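Enquirer: Just dropping this structure here.
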Amino acid sequence: MKLIFERSVQGRRTFQMPASTFPKKELPDHLKRKAAPRLPEMSEVAISRHYTTLSKQAFGVNSGFYPLGSCTMKWNPRINEAVAALPGFARMHPLQPRETAEGCHEVLDKAREVLCEITGMDDMTFQPAAGAHGEYVGLLLMKKYHEKRGDAQRTRVLIPDSAHGTNPASASMVGFTVTTIKSDENGCVDLDALKASLDDTVAGLMLTNPNTMGIFDPNILEITRLVHDAGGVNYYDGANLNAIMGWVRPGDMGFDIVHLNLHKTFSTPHGGGGPGAGPVGCKAFLSPFMPKSQMGMEETPDSVGQVRAFYGNFLVVARALTYALTLGKEGVPMTSGMAVLNANYLMRKIEPNFPPYYNRICMHEFVISLEKIKKETGVGALDVAKCLLDYGMHPPTMYFPLNVPEALMIEPTETENRETLDEAAQAFNEIFEQIKKDPDSLHDCPKTTPISRPDEVGAARNPVVRYQFD
Amino acid sequence: MGSYLPSTKKETQEMLEAIGLKELKDLFVDVPRDVLLTDSVDIAPGLSEMGVRREMERIAKKNTVFDTVLRGAGSYDHHIPAIVGTVTGKEEFLTTYTPYQAEISQGVLQSIFEYQTMISELTGMDVSNASVYDGASAAAEAVMMTQTRNRERVYVASTANPEVINTIKTYCWGREVPFELIPQKDGLLDLDALKDLPKDTACIYVQQPNFFGLFEDAEQAAELAHQAGAKAVMGVYPIALGISKTPGEMGYDIAVGEGQPLGIPMSWGGPYLGFMTAKKDMMRMLPGRIAGETVDKQGRRAYVLTLQAREQHIRREKASSNVCTNQALCAMTAAVYMAAMGPAGLSEVAQLCYEGAHYFADELAKLKGFDRVHQAEFFNEFLTDCPMDVKQFEQKMMEKGILCGLPVDDKILWCVTEKMDKQAIDEVVQIIKEVSGQ
């Protein structure tokens, strides 16, 4: 595909401004830009066709099955988009006087009410713009809480080895050190390892439940109690909330802080990597430390400060609220129930050839390991993933969680129908047959995509990260 | 009511049977009985699509949408060409995930690569990442990029946007990094304060134009930072760069900013776009995703997410940042905007903002009590006195359908964009005259 710069012709225009009606005035010379930016110069139709060409090489939820583990690629209802486009939301300036923005505040208040009820929290901030941003806020709350209690020596965070990489990365952003807790033979938190790590230097625990293996930790109440008893705070990574909403609440499991990924559980579109939203809920005792916007919000003297401008990704919250109101009381547990059922159904369908890494009822996702197959045939998780591309589906998450060798992590979501799951199972099983017959052929997959496997090592070794103009 | 679940009751039952279970509840066997909910959570029954639309429209109507917006301060009412929304509304772009699977994501990866190029061109810098959350978090991440073992202290312009200053402050508090404010004199940075910076200075952060719309002596500021061995970071207003000197031309090491003015609606503060650009030697310190060019097995040009060794999923606690989800669709929005405007269009927009604001300031100065507070050169924002109680003035202007400048203590911070022509400004001035009893 041509780059947009390769379609540019000097002097071509799309958008023209009306002629100035003002007295002519020039920026003083010393403030003027010297070289014009080499932006594309194109007609409107050329821009449209360029991006249409690009869109044909993008895989959306509308394109096909998207069982990308941990990412919850469910259907993004279009009514949410229509609501976000309402001028009464989209055209609001964030620094309008409160009495002219009551509707926006009502969106946040309603979303807070519904999401606090679903998570069992007392308060919620919408400022964080993504899950990792929410983790960061949660850890700031933890830090501030201990600091306020004169307990500032608590700088250690306990994180299971199966956790997302953002957990440890967020911890270091608040000056905490990470103690990794190993998983037991069932993929859950090893209670002895946890106990051995607890002392008065522990700030808290970060946990996803169900965890990244797709397993609900049956010892959860014991785990959170142990941490509380040691003076720590329990942080719930809401990445996997889609498994349990309406069935069990993080607040009831002993968690004090929760972040949600509205772009996962609450169906707002991923946009190729954002914008999402990562609201953070907390129990009442942490509420005084919640972030605030300097110019937009009331005084909260103990606040951790702010982590971005204004109120957060407001239009994403408006979409999520639309979704939550649509589901309502019955829809919320049905959604999670069907997400879990779809995962178990698919897990059992491919089990004869690709057994689950932990053989038990899974939650909204499950993990298989290609370790044995790789040893025997040389075909690994990457090869299977790339082969799935030729079946017109998006592959599962690869090589995660890190504690499972040659992992593929599969999350079908609740919005997929049985035929889609059956077809996916058939694809997996056909690939298994191909591995038996001709394992080497898998290294050449994918064969039907616009490009074959790209040279990632070369890209990193000799980085070209922008167009090279002549 | 609506639940987006395709499975019929019959199918659900059959699927449960296929895995040897009777009811959905059996799937939650690992949840301790004490905390398992038996009757969902306590929220209202679900709504139909029509019902939810009615409800959200009811809420939206409680807001006042102003046709005339003379307020900026971090969010700007610029015109958005119609092509922008139709491109970014394409379902494939809207609903795709981060392009991990390059073979089916060339369109997304290429669009990020093109965005990186355009935003680098606009700022006059060498490289860009794929974006972060907003301008304020971009500024904070930029400051964190400059941290080294011996250099941690951060000097932030007191003339920057308060939301940005406070975000940087939070990040500094988190990492336990010394945070200092650079003092101001007559609305501009007091550059004397940057002479003889201490040896542990990591960087200075300067906003251009600053919160009051004024052009700082930014070149001098960067020079002083460099003399002390520190990095210079600039926060920019992307529209101003259509005509004004770039951070690249002024020797800055990192340039960041709020990309909202590039085609993104004001949206009550978000989603916005934090852009981050840098000199080549700082490329590997950039947080977040970066798209890069490579070739596939057949040697065809291809794009991938690259330099991932910096990132959290590989480096975990040693990562340069925890950023993963960014603002990709907003970055694409900015790219389509820049393509639609082109270099000529962008310079025209900037020129109209500049001329309109100066015309407005001159007209205001003819009234009593609306004199400019500062003397320095400005772009499209400026601070004036207000001859009456500012809150009362604001209220009266709103009654006339105008969102006036932002009250800042007893003064007003005005902003003019290309949406205002001479006639529109003359009308506003007439209303201000009435409202202030002149």
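In the structure tokens, chains take the letters A, B, ... in the order shown, each chain's residues start at 1, and ligands count up from 1 in the order shown.
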If DSSP is run on the backbone, what residues of range 115-254 of chain B are strand (DSSP E)? A reply as number ranges by chain would be ideal.
Expert: B: 127-128, 153-157, 179-182, 184-185, 188-189, 201-208, 231-236, 254
Enquirer: Take the residues from that selection and put them in a file with C-alpha atoms, as an mmCIF file, in the first residue's frame.
Expert:
```cif
data_model
loop_
_atom_site.group_PDB
_atom_site.id
_atom_site.type_symbol
_atom_site.label_atom_id
_atom_site.label_comp_id
_atom_site.auth_asym_id
_atom_site.auth_seq_id
_atom_site.Cartn_x
_atom_site.Cartn_y
_atom_site.Cartn_z
ATOM 1 C CA VAL B 127 10.408 10.820 16.188
ATOM 2 C CA SER B 128 7.034 10.259 17.812
ATOM 3 C CA ARG B 153 15.029 17.496 39.663
ATOM 4 C CA VAL B 154 12.295 18.914 37.473
ATOM 5 C CA TYR B 155 11.617 22.602 36.790
ATOM 6 C CA VAL B 156 8.111 23.273 35.541
ATOM 7 C CA ALA B 157 6.923 26.614 34.159
ATOM 8 C CA PHE B 179 9.527 19.220 41.678
ATOM 9 C CA GLU B 180 10.173 22.952 41.344
ATOM 10 C CA LEU B 181 8.150 25.745 39.753
ATOM 11 C CA ILE B 182 9.888 28.304 37.566
ATOM 12 C CA GLN B 184 6.986 34.273 36.434
ATOM 13 C CA LYS B 185 7.176 38.005 35.851
ATOM 14 C CA LEU B 188 6.275 35.286 31.317
ATOM 15 C CA LEU B 189 8.855 32.982 32.839
ATOM 16 C CA THR B 201 18.404 19.014 37.196
ATOM 17 C CA ALA B 202 16.826 16.533 34.819
ATOM 18 C CA CYS B 203 14.771 18.935 32.728
ATOM 19 C CA ILE B 204 12.783 22.095 32.387
ATOM 20 C CA TYR B 205 9.194 22.105 31.112
ATOM 21 C CA VAL B 206 8.028 25.163 29.183
ATOM 22 C CA GLN B 207 4.626 25.727 27.576
ATOM 23 C CA GLN B 208 4.493 27.693 24.302
ATOM 24 C CA LYS B 231 16.969 18.414 28.916
ATOM 25 C CA ALA B 232 14.422 20.911 27.601
ATOM 26 C CA VAL B 233 10.804 19.806 27.227
ATOM 27 C CA MET B 234 8.153 21.907 25.525
ATOM 28 C CA GLY B 235 4.382 21.700 25.659
ATOM 29 C CA VAL B 236 2.888 23.061 22.444
ATOM 30 C CA ILE B 254 11.144 16.611 23.695
#
```
Enquirer: So, counting only C-alpha atoms, which residue among A:Gln57, A:Asn240, A:Thr300, A:Gln153 is closest to Met363 in chain A?
Expert: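 With only C-alpha atoms as the atom set, the closest residue is A:Asn240.
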Enquirer: In terms of the shortest atom-to-atom distance over only C-alpha atoms, which of A:Thr448, A:Gln468, A:Ser287, A:Ser172 is closest to chain B?
Expert: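 Selected residue with least distance to chain B: A:Ser172.
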Enquirer: Point out the residue among B:Gly437, B:Pro81, B:Gly263, B:Gly213 with the least atom-to-atom distance to chain A, counting only C-alpha atoms.
Expert: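 Residue with the minimum atom-to-atom distance to chain A: B:Pro81.
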